[in-house]
Amino acid sequence: MRDLGAGFRYFLKGQRWVARHGKQYGFGLIPGLITLALYAGALVALALWGEDFVSWSTPFADDWSSPWQGLFRGFLTAVLFLLGLLLSVVTFTAVTLLIGQPFYENLSEKVDRDVSPDGTAPESGLPLWRELWISGRDSLRIVLRAALWGVLLFALGFTPVVGQTVVPVLGVVVTGFFLTEELTAVALQRRRVELRDRLTLLRSRKTLIWGFGTPLAAAFLVPFVAVFLMPGAVAGATLMARELLGEETQEDGAPAPDQQSVSR
């Protein structure tokens with residue numbers, strides 16, 4: 001339970017950090033706004049033409065009598081839109097991080113320097129194109145894992161009682177774990193921590209990850225809210241990554257010891 005509370009505190013610390021660094025927060029909003037516009041357009045298109053797509057893909061139901069044809073296709077249309085919405089929630093972070101790689105790398109480095117005792121931040125030493133390739137490749141792997149969980153949970157959703165109570169909660173918890181992996185990857189990739197090792201690291205502190213990721217996943221169900229929380233989420237994930245790796249961290253960006261001696 002202590003780790004659960006600690007994870008939530010990292011979520012709040014990240015939001016407080018960007019609140020104190022307005023310029024970084026403003027730059028961090030740009031990728032989320034771009035992704036939101038793209039996803040909003042896709043969901044609107046799905047809402048407008050989803051029914052036509054279902055009708056085209058189910059020609060065997062053309063001769064069904066009323067009301068069965070309408071009920072069947074209406075159900076499939078609703079399922080299609082809900083799957084699109086779930087996919088947008090699961091992939092929103094990955095796509096935003098991919099689009100905003102330079103923005104979030106810069107923000108994460110600023111957080112590291114702010115809280116590091118010596119005022120430095122780890123650097124990958126890789127060219128930007130290589131970082132983008134690794135980020136895109138790893139994000140695709142995570143999205144595929146999350147999609148498998150999504151299909152499983154969707155199928156379990158048809159189970160009476162459990163499907164309407166336990167499954168939605170599990171969905172938010174699972175989504176929170178994968179969101180946290182994507183967010184901590186910004187800091188961990190700079191430290192050259194591979195995907196398999198990142199997953200092992202996160203699984204070793206599951207309650208900490210759930211404490212951070214579950215409230216974030218619940219908030220990210222509303223993509224417009226996700227845009228404004230994303231910069232703070234990256235900042236909080238960077239702080240949490242330092243704890244996972246056992247790195248020393250100064251609270252609230254206090255001056256480093258050498259800076260304190262100079263000021264005296």
# chains A, B, ... in the order shown; residues from 1 in each chain; ligands from 1
$ residues_around --residues "region 150-165 of chain A" --least-positions-apart "6" --cutoff "12 Å" --atoms "only C-alpha atoms" --output "ChimeraX atom specification"
/A:79-80,82-91,143-144,171-175,178
$ select_by_dssp --residues "region 80-204 of chain A" --states "alpha helix (DSSP H)" --output "PyMOL selection string"
chain A and resi 80-99+101-115+128-156+162-190+195-203
$ residues_around --residues "Ala226 (chain A)" --least-positions-apart "4" --cutoff "12 Å" --atoms "only C-alpha atoms" --output "MDAnalysis selection string"
chainID A and resid 28:29 31:33 35:36 88:93 96 179 215:222 230:234
$ residues_around --residues "Gly213 (chain A)" --least-positions-apart "5" --cutoff "6 Å" --atoms "only C-alpha atoms" --output "list in words"
Gly176, Phe177 and Thr180 of chain A
$ write_last_selection --atoms "C-alpha atoms" --output "CSV table (one decimal), in the first residue's frame"
chain,number,residue,atom,x,y,z
A,176,GLY,CA,-2.4,2.3,-16.5
A,177,PHE,CA,0.5,-0.1,-16.5
A,180,THR,CA,3.4,4.1,-17.3
